[in-house]
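Colleague: File follows, structure-v5.txt with compact mmCIF, C-alpha atoms:
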```txt
# COMPACT_ATOMS: atom_id res chain seq x y z
CA MET E 1 -16.35 -18.01 -6.10
CA PRO E 2 -15.91 -21.22 -4.11
CA GLU E 3 -16.13 -20.32 -0.44
CA ASN E 4 -13.04 -22.01 0.81
CA TYR E 5 -12.78 -20.41 4.24
CA ALA E 6 -9.72 -22.42 5.27
CA TYR E 7 -7.86 -21.00 2.28
CA LEU E 8 -9.05 -17.45 3.01
CA LEU E 9 -7.90 -17.71 6.64
CA MET E 10 -4.50 -19.07 5.64
CA ALA E 11 -4.02 -16.39 2.97
CA THR E 12 -4.99 -13.70 5.51
CA GLY E 13 -2.48 -15.23 7.95
CA VAL E 14 0.29 -15.25 5.35
CA MET E 15 -0.32 -11.59 4.45
CA PHE E 16 -0.36 -10.64 8.12
CA LEU E 17 2.79 -12.59 8.97
CA VAL E 18 4.86 -11.33 6.04
CA THR E 19 3.80 -7.70 6.56
CA PHE E 20 4.34 -7.87 10.33
CA LEU E 21 7.80 -9.45 9.99
CA LEU E 22 8.77 -6.80 7.44
CA ARG E 23 7.65 -3.98 9.73
CA GLY E 24 9.60 -5.53 12.59
CA PHE E 25 12.64 -6.39 10.50
CA ALA E 26 14.73 -3.34 11.37
CA PHE E 27 14.07 -3.89 15.07
CA MET E 28 15.11 -7.54 14.88
CA ALA E 29 18.13 -7.08 12.61
CA PHE E 30 19.59 -3.79 13.78
CA GLY E 31 18.20 -3.46 17.29
CA ASN E 32 21.60 -3.76 18.92
CA GLY E 33 23.52 -1.22 16.90
CA ARG E 34 24.66 -3.52 14.09
CA LYS E 35 25.50 -1.78 10.83
CA THR E 36 23.05 -2.13 7.91
CA PRO E 37 24.73 -3.63 4.79
CA GLY E 38 25.00 -1.13 1.94
CA VAL E 39 23.14 -3.26 -0.60
CA ILE E 40 20.14 -3.54 1.76
CA LEU E 41 20.00 0.22 2.22
CA TYR E 42 20.29 0.67 -1.55
CA VAL E 43 17.52 -1.82 -2.41
CA GLY E 44 15.35 -0.34 0.34
CA ARG E 45 15.73 3.05 -1.27
CA VAL E 46 15.04 2.18 -4.91
CA ILE E 47 12.62 -0.74 -4.74
CA SER E 48 9.53 1.29 -3.96
CA PRO E 49 9.28 3.27 -7.25
CA ALA E 50 10.21 0.13 -9.22
CA VAL E 51 7.54 -2.06 -7.61
CA ILE E 52 4.88 0.66 -7.82
CA ALA E 53 5.56 1.11 -11.55
CA ALA E 54 5.31 -2.67 -12.01
CA LEU E 55 2.01 -2.67 -10.10
CA ILE E 56 0.58 -0.02 -12.43
CA VAL E 57 1.32 -2.32 -15.37
CA TYR E 58 -0.25 -5.18 -13.40
CA CYS E 59 -3.41 -3.13 -12.76
CA LEU E 60 -3.74 -2.24 -16.42
CA LYS E 61 -3.04 -5.70 -17.84
CA GLY E 62 -6.77 -6.36 -18.34
CA THR E 63 -7.16 -3.38 -20.69
CA ARG E 64 -8.84 -4.52 -23.90
CA PHE E 65 -7.48 -2.64 -26.87
CA ALA E 66 -9.42 -4.68 -29.44
CA ALA E 67 -12.95 -4.27 -27.99
CA PRO E 68 -15.15 -1.14 -27.79
CA LEU E 69 -13.65 1.71 -25.79
CA TYR E 70 -10.30 0.37 -27.10
CA GLY E 71 -8.50 1.29 -23.91
CA GLY E 72 -10.15 4.72 -23.97
CA ALA E 73 -11.57 4.50 -20.44
CA GLU E 74 -8.16 3.67 -19.02
CA ALA E 75 -6.46 6.40 -21.07
CA ALA E 76 -9.01 9.05 -20.05
CA ALA E 77 -8.86 8.13 -16.36
CA ILE E 78 -5.05 8.10 -16.33
CA ILE E 79 -4.90 11.52 -18.01
CA VAL E 80 -7.38 12.96 -15.48
CA CYS E 81 -5.42 11.42 -12.61
CA VAL E 82 -2.02 12.73 -13.75
CA LEU E 83 -3.30 16.21 -14.68
CA LEU E 84 -5.19 16.72 -11.42
CA HIS E 85 -2.26 15.47 -9.41
CA LYS E 86 0.22 17.75 -11.21
CA LEU E 87 -2.13 20.68 -10.65
CA PHE E 88 -3.35 20.18 -7.09
CA ARG E 89 -1.14 17.53 -5.46
CA ASN E 90 -4.18 16.27 -3.60
CA PRO E 91 -4.10 12.44 -3.65
CA LEU E 92 -7.74 11.98 -2.69
CA LEU E 93 -8.99 14.37 -5.36
CA SER E 94 -6.87 12.73 -8.08
CA ILE E 95 -7.94 9.21 -7.10
CA ALA E 96 -11.64 9.98 -6.60
CA ALA E 97 -12.03 12.01 -9.81
CA SER E 98 -10.18 9.56 -12.06
CA THR E 99 -12.04 6.58 -10.60
CA ALA E 100 -15.33 8.40 -11.19
CA VAL E 101 -14.35 9.07 -14.83
CA TYR E 102 -13.43 5.41 -15.29
CA MET E 103 -16.64 4.11 -13.70
CA LEU E 104 -18.82 6.47 -15.75
CA MET E 105 -17.16 5.36 -18.95
CA VAL E 106 -17.22 1.59 -18.40
CA GLN E 107 -20.79 1.69 -17.10
CA ASN E 108 -22.31 3.88 -19.80
CA PHE E 109 -20.52 3.12 -23.05
CA MET Z 110 2.55 6.02 29.19
CA ILE Z 111 0.72 9.07 30.47
CA PHE Z 112 -2.65 9.79 28.90
CA THR Z 113 -3.85 13.41 28.97
CA LYS Z 114 -6.60 15.18 27.13
CA LYS Z 115 -4.16 17.66 25.61
CA CYS Z 116 -1.97 14.89 24.24
CA PHE Z 117 -4.93 12.97 22.84
CA LEU Z 118 -6.27 16.06 21.06
CA ALA Z 119 -2.82 16.68 19.54
CA SER Z 120 -2.69 13.08 18.25
CA PHE Z 121 -6.21 13.33 16.87
CA LYS Z 122 -5.48 16.61 15.11
CA ALA Z 123 -2.31 15.20 13.54
CA SER Z 124 -4.23 12.14 12.35
CA LEU Z 125 -7.09 14.03 10.64
CA PRO Z 126 -5.62 13.92 7.11
CA VAL Z 127 -5.12 10.17 7.58
CA LEU Z 128 -8.76 9.86 8.66
CA LEU Z 129 -9.91 11.25 5.32
CA GLY Z 130 -7.49 9.20 3.26
CA TYR Z 131 -8.03 5.89 5.04
CA LEU Z 132 -11.82 6.19 5.05
CA ALA Z 133 -11.93 6.95 1.33
CA MET Z 134 -9.44 4.28 0.25
CA GLY Z 135 -10.76 1.78 2.78
CA ILE Z 136 -14.32 2.20 1.52
CA ALA Z 137 -13.21 1.69 -2.10
CA ALA Z 138 -11.25 -1.45 -1.16
CA GLY Z 139 -14.16 -2.76 0.95
CA VAL Z 140 -16.70 -2.22 -1.82
CA LEU Z 141 -14.41 -4.04 -4.25
CA LEU Z 142 -13.93 -6.97 -1.86
CA SER Z 143 -17.61 -7.53 -1.13
CA SER Z 144 -18.91 -6.86 -4.65
CA ARG Z 145 -16.32 -9.11 -6.34
CA THR Z 146 -16.15 -11.99 -3.87
CA GLY Z 147 -19.45 -11.73 -1.99
CA LEU Z 148 -17.49 -11.89 1.27
CA GLY Z 149 -19.02 -9.93 4.13
CA CYS Z 150 -17.62 -7.45 6.60
CA PHE Z 151 -16.04 -10.17 8.78
CA TRP Z 152 -13.43 -10.64 6.04
CA GLY Z 153 -13.06 -6.92 5.58
CA PHE Z 154 -12.46 -6.59 9.30
CA ILE Z 155 -9.98 -9.42 9.72
CA THR Z 156 -7.89 -8.53 6.65
CA SER Z 157 -7.78 -4.79 7.39
CA ALA Z 158 -7.09 -5.24 11.11
CA THR Z 159 -4.15 -7.60 10.61
CA SER Z 160 -2.36 -6.30 7.51
CA ILE Z 161 -3.21 -2.55 7.42
CA SER Z 162 -1.79 -2.21 3.94
CA GLY Z 163 -3.56 -0.22 1.24
CA ALA Z 164 -2.10 -1.87 -1.85
CA LEU Z 165 -2.52 -5.31 -0.34
CA GLN Z 166 -6.15 -4.65 0.58
CA PHE Z 167 -6.90 -4.18 -3.13
CA LEU Z 168 -4.63 -6.94 -4.41
CA LEU Z 169 -6.07 -9.52 -2.02
CA VAL Z 170 -9.39 -9.31 -3.84
CA ASP Z 171 -7.75 -10.86 -6.91
CA MET Z 172 -5.89 -13.37 -4.78
CA PHE Z 173 -9.03 -14.43 -2.87
CA GLN Z 174 -10.94 -14.79 -6.13
CA ASN Z 175 -8.29 -16.90 -7.83
CA GLN Z 176 -7.27 -18.82 -4.68
CA THR Z 177 -3.70 -17.82 -5.49
CA PRO Z 178 -1.18 -20.32 -4.03
CA LEU Z 179 -0.01 -19.27 -0.56
CA LEU Z 180 3.63 -19.07 -1.61
CA THR Z 181 2.68 -16.59 -4.32
CA VAL Z 182 0.58 -14.65 -1.77
CA ALA Z 183 3.70 -14.47 0.43
CA LEU Z 184 5.92 -13.30 -2.46
CA ILE Z 185 3.45 -10.64 -3.59
CA THR Z 186 3.07 -9.37 -0.02
CA LEU Z 187 6.85 -9.39 0.41
CA SER Z 188 7.53 -7.40 -2.73
CA ILE Z 189 4.85 -4.74 -2.33
CA ASN Z 190 5.64 -4.24 1.36
CA LEU Z 191 9.41 -4.64 1.28
CA ARG Z 192 9.86 -0.93 1.92
CA TYR Z 193 8.58 -1.45 5.47
CA ALA Z 194 11.73 -3.42 6.31
CA LEU Z 195 13.64 -0.19 6.81
CA TYR Z 196 10.92 1.88 8.48
CA GLY Z 197 12.11 0.85 11.93
CA LEU Z 198 15.55 2.43 11.50
CA PRO Z 199 14.72 5.99 12.60
CA LEU Z 200 12.54 4.67 15.44
CA LEU Z 201 14.97 2.14 16.93
CA ASP Z 202 16.30 4.36 19.70
CA ARG Z 203 13.07 6.10 20.59
CA TRP Z 204 11.19 2.81 21.03
CA ARG Z 205 13.95 1.02 22.92
CA ASN Z 206 12.19 1.28 26.28
CA LEU Z 207 8.67 0.36 25.13
CA SER Z 208 7.22 -2.75 26.75
CA LEU Z 209 7.11 -5.73 24.38
CA PRO Z 210 3.30 -5.85 23.79
CA LEU Z 211 3.24 -2.12 23.03
CA LYS Z 212 6.26 -2.39 20.76
CA LEU Z 213 4.62 -5.25 18.86
CA TYR Z 214 1.44 -3.17 18.44
CA MET Z 215 3.43 -0.18 17.17
CA ILE Z 216 5.19 -2.48 14.70
CA LEU Z 217 1.87 -3.99 13.55
CA THR Z 218 0.47 -0.52 12.84
CA LEU Z 219 3.54 0.97 11.12
CA THR Z 220 1.94 2.09 7.85
CA ASP Z 221 3.35 4.75 5.51
CA GLU Z 222 1.14 7.46 7.00
CA THR Z 223 1.60 6.46 10.64
CA PHE Z 224 5.36 6.19 10.09
CA ALA Z 225 5.46 9.73 8.67
CA LEU Z 226 3.58 11.15 11.67
CA GLU Z 227 5.67 9.21 14.17
CA VAL Z 228 8.93 10.36 12.63
CA ALA Z 229 7.67 13.97 12.53
CA ASN Z 230 6.74 13.52 16.22
CA ASN Z 231 5.02 16.89 16.68
CA VAL Z 232 4.22 16.23 20.31
CA PRO Z 233 3.10 19.27 22.39
CA ASP Z 234 5.61 20.59 24.94
CA GLY Z 235 5.58 18.68 28.19
CA GLU Z 236 3.63 15.70 26.81
CA ASP Z 237 4.93 12.16 26.41
CA SER Z 238 6.16 11.38 22.89
CA LEU Z 239 5.46 7.65 23.10
CA THR Z 240 1.87 8.22 24.26
CA TYR Z 241 1.40 10.66 21.38
CA CYS Z 242 2.72 8.15 18.85
CA PHE Z 243 0.75 5.24 20.30
CA GLN Z 244 -2.49 7.22 20.03
CA ILE Z 245 -1.76 8.13 16.42
CA ALA Z 246 -1.06 4.47 15.61
CA ALA Z 247 -4.28 3.30 17.27
CA LEU Z 248 -6.41 6.03 15.64
CA ASP Z 249 -5.00 5.33 12.16
CA HIS Z 250 -5.57 1.60 12.70
CA LEU Z 251 -9.18 2.31 13.67
CA TYR Z 252 -9.75 4.58 10.63
CA TRP Z 253 -8.48 1.92 8.24
CA ILE Z 254 -10.65 -0.86 9.71
CA THR Z 255 -13.67 1.46 9.76
CA GLY Z 256 -13.15 2.39 6.12
CA VAL Z 257 -12.82 -1.18 4.86
CA VAL Z 258 -15.74 -2.53 6.93
CA THR Z 259 -17.95 0.38 5.86
CA GLY Z 260 -17.05 -0.37 2.24
CA CYS Z 261 -17.93 -4.04 2.68
CA LEU Z 262 -21.31 -3.14 4.19
CA ALA Z 263 -22.00 -0.64 1.42
CA GLY Z 264 -21.05 -3.18 -1.24
CA GLN Z 265 -23.33 -5.79 0.31
CA PHE Z 266 -26.39 -3.76 1.16
CA LEU Z 267 -26.46 -0.70 -1.09
CA PRO Z 268 -27.56 -1.65 -4.58
CA PHE Z 269 -25.21 0.44 -6.67
CA ASN Z 270 -23.16 -0.39 -9.69
CA SER Z 271 -19.56 -0.67 -8.53
CA LYS Z 272 -18.23 -1.73 -11.92
CA GLY Z 273 -14.92 0.03 -12.49
CA ILE Z 274 -14.22 0.90 -8.85
CA ASP Z 275 -11.05 -1.17 -9.10
CA PHE Z 276 -9.50 1.77 -10.94
CA ALA Z 277 -9.06 3.33 -7.47
CA MET Z 278 -6.13 0.97 -6.98
CA THR Z 279 -4.51 1.98 -10.29
CA ALA Z 280 -5.03 5.65 -9.41
CA LEU Z 281 -3.53 5.11 -5.95
CA PHE Z 282 -0.35 3.68 -7.47
CA ILE Z 283 -0.17 6.44 -10.11
CA VAL Z 284 -0.44 9.13 -7.43
CA VAL Z 285 2.23 7.51 -5.24
CA LEU Z 286 4.54 7.11 -8.23
CA LEU Z 287 4.05 10.73 -9.35
CA ASP Z 288 5.06 11.90 -5.86
CA GLN Z 289 8.12 9.65 -5.88
CA MET Z 290 9.18 10.84 -9.35
CA GLU Z 291 9.70 14.33 -7.92
CA GLN Z 292 13.00 12.89 -6.71
CA ARG Z 293 15.29 12.40 -9.69
CA GLY Z 294 16.90 9.29 -8.23
CA ASN Z 295 13.55 7.48 -8.40
CA ARG Z 296 12.96 7.90 -12.15
CA LEU Z 297 15.30 5.22 -13.44
CA PRO Z 298 14.06 2.64 -10.87
CA ALA Z 299 10.47 3.41 -11.95
CA LEU Z 300 11.39 2.87 -15.60
CA ILE Z 301 13.12 -0.40 -14.71
CA GLY Z 302 10.00 -1.49 -12.81
CA ALA Z 303 7.68 -0.73 -15.74
CA VAL Z 304 9.89 -2.49 -18.30
CA SER Z 305 10.36 -5.51 -15.99
CA ALA Z 306 6.59 -5.75 -15.58
CA LEU Z 307 6.04 -5.73 -19.35
CA ILE Z 308 8.61 -8.51 -19.74
CA GLY Z 309 6.96 -10.41 -16.86
CA LEU Z 310 3.56 -10.02 -18.52
CA ALA Z 311 4.93 -11.27 -21.83
CA ILE Z 312 6.67 -14.37 -20.48
CA TYR Z 313 4.23 -15.47 -17.75
CA PRO Z 314 0.82 -13.78 -18.07
CA GLN Z 315 -0.88 -16.17 -15.61
CA ASN Z 316 1.11 -14.76 -12.73
CA MET Z 317 3.11 -11.82 -13.99
CA LEU Z 318 4.15 -10.32 -10.66
CA ILE Z 319 6.59 -13.04 -9.67
CA PRO Z 320 8.84 -12.85 -12.80
CA SER Z 321 8.41 -9.06 -12.92
CA ILE Z 322 9.72 -8.62 -9.39
CA ALA Z 323 12.58 -11.08 -9.92
CA ILE Z 324 13.66 -9.18 -13.05
CA LEU Z 325 13.39 -5.74 -11.47
CA LEU Z 326 15.36 -6.81 -8.38
CA ALA Z 327 18.11 -8.29 -10.54
CA ALA Z 328 18.21 -5.17 -12.72
CA LEU Z 329 18.30 -2.81 -9.72
CA VAL Z 330 21.15 -4.71 -8.06
CA ALA Z 331 23.06 -4.95 -11.36
CA LEU Z 332 22.74 -1.19 -11.90
CA ARG Z 333 23.68 -0.29 -8.34
CA GLY Z 334 27.01 1.31 -9.26
CA LYS Z 335 25.43 3.55 -11.91
CA MET Z 336 22.45 4.49 -9.76
CA GLU Z 337 24.49 5.49 -6.71
CA VAL Z 338 26.82 7.66 -8.79
CA LYS Z 339 23.73 9.38 -10.20
CA GLN Z 340 22.22 10.05 -6.80
CA ASP Z 341 25.45 11.54 -5.49
CA ALA Z 342 25.73 13.85 -8.48
```
Will you turn the file into structure tokens for me?
Modeller:
Amino acid sequence: MPENYAYLLMATGVMFLVTFLLRGFAFMAFGNGRKTPGVILYVGRVISPAVIAALIVYCLKGTRFAAPLYGGAEAAAIIVCVLLHKLFRNPLLSIAASTAVYMLMVQNF
Amino acid sequence: MIFTKKCFLASFKASLPVLLGYLAMGIAAGVLLSSRTGLGCFWGFITSATSISGALQFLLVDMFQNQTPLLTVALITLSINLRYALYGLPLLDRWRNLSLPLKLYMILTLTDETFALEVANNVPDGEDSLTYCFQIAALDHLYWITGVVTGCLAGQFLPFNSKGIDFAMTALFIVVLLDQMEQRGNRLPALIGAVSALIGLAIYPQNMLIPSIAILLAALVALRGKMEVKQDA
């Protein structure tokens, strides 16, 4: 990877600025008792599951169905993750165990 | 702000689950950053200290590697962290009298987990609520930085095969989505998000997130009437 430190600093600054402004948004926009528009409240409520689902697709876009393992490592790890989470509702356990399954499969097969 | 031992211990106790979670996820993200990009713990430190965002900490590895255009970096950050825009609402009144530097620090550190603890506000009787919340924010901030920097060091100096550790990010999103799907009103938005992402991937595979997010936003706003009727029912 080309070590373009100026780019890395600017990208870090952009991520910081956008995240910080978002976290401060409610204080800036509604700090003096103004009413929140309905469409903002609605989007704020439903956007999280929609974006997370889109991110899951994004994470899995590199899955190779035509080469050995044929998506099997992804499928196995997802099944382990969902099953463990349905059973125990312990985020760390589900994440650690499914990641371990995935790493074992892609490293050894 | 009044600092007492009792109040600090209460904050620390409340933050213990976050300690575990942030260390584990931070280490995974740090290992991924240093093993993929070769960047050392300085970059782990500066990114984790300023953004304090789990999903972003994983996604920035891809962005750093590809030197993603800054406008795209801004749009990706905006869309994955948009939920934060409303986190201030329940805290507006309680934080009204905070001094500006403190308020800015509390805003900087307003992650999902810190937000949950600050809204719960389980401060011991007779102790100051703002001190309690500030300590939680600072501890959580410290845990996250520690996790990511530790991960970077491990990735740099421990010779282990980290191939596949990026699945931790996928698993993180799956777990969050499963929790959200417990609420019926979240199921249709999740389906819309997944379908939008597949369309985005099909039409613009080089940078699928931008079209995906545009499509899902348009679809969510278009279906607002239907969705709100459903949630009321």
Colleague: Could you write out as an NGL selection string the residues of chain E within 8 Å of chain Z, counting only C-alpha atoms?
Modeller: :E and (1 or 7-8 or 10-12 or 14-16 or 18-20 or 22-27 or 30-31 or 39 or 41-61 or 78 or 81-82 or 85 or 91-92 or 94-96 or 98-100 or 102-103 or 106-107)
Colleague: Find the residues with any atom within 10 Å of (-15.2, 3.0, -20.5); use only C-alpha atoms and the coordinates as given in the file, and write the answer as a PyMOL selection string.
Modeller: (chain E and resi 68-77+101-109) or (chain Z and resi 273)
Colleague: With C-alpha atoms retained, export the selected residues as a short mmCIF file (atom, residue, chain, number, x, y, z; two decimals), in the frame of the given file.
Modeller:
```
data_model
loop_
_atom_site.label_atom_id
_atom_site.label_comp_id
_atom_site.auth_asym_id
_atom_site.auth_seq_id
_atom_site.Cartn_x
_atom_site.Cartn_y
_atom_site.Cartn_z
CA PRO E 68 -15.15 -1.14 -27.79
CA LEU E 69 -13.65 1.71 -25.79
CA TYR E 70 -10.30 0.37 -27.10
CA GLY E 71 -8.50 1.29 -23.91
CA GLY E 72 -10.15 4.72 -23.97
CA ALA E 73 -11.57 4.50 -20.44
CA GLU E 74 -8.16 3.67 -19.02
CA ALA E 75 -6.46 6.40 -21.07
CA ALA E 76 -9.01 9.05 -20.05
CA ALA E 77 -8.86 8.13 -16.36
CA VAL E 101 -14.35 9.07 -14.83
CA TYR E 102 -13.43 5.41 -15.29
CA MET E 103 -16.64 4.11 -13.70
CA LEU E 104 -18.82 6.47 -15.75
CA MET E 105 -17.16 5.36 -18.95
CA VAL E 106 -17.22 1.59 -18.40
CA GLN E 107 -20.79 1.69 -17.10
CA ASN E 108 -22.31 3.88 -19.80
CA PHE E 109 -20.52 3.12 -23.05
CA GLY Z 273 -14.92 0.03 -12.49
#
```
Colleague: Mind pulling up the distance from atom CA of Gly139 of chain Z to atom CA of Phe151 of chain Z?
Modeller: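 A separation of 10.9 Å between them.
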Colleague: So the first atom is atom CA of Ser143 of chain Z and the second is atom CA of Val258 of chain Z; what is the distance between them in Å, to one decimal place?
Modeller: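 So the two atoms, atom CA of Ser143 of chain Z and atom CA of Val258 of chain Z, lie 9.7 Å apart.
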Colleague: How many Å lie between atom CA of Pro37 of chain E and atom CA of Glu222 of chain Z, rounded to one decimal?
Modeller: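 We find that atom CA of Pro37 of chain E and atom CA of Glu222 of chain Z lie 26.2 Å from each other.
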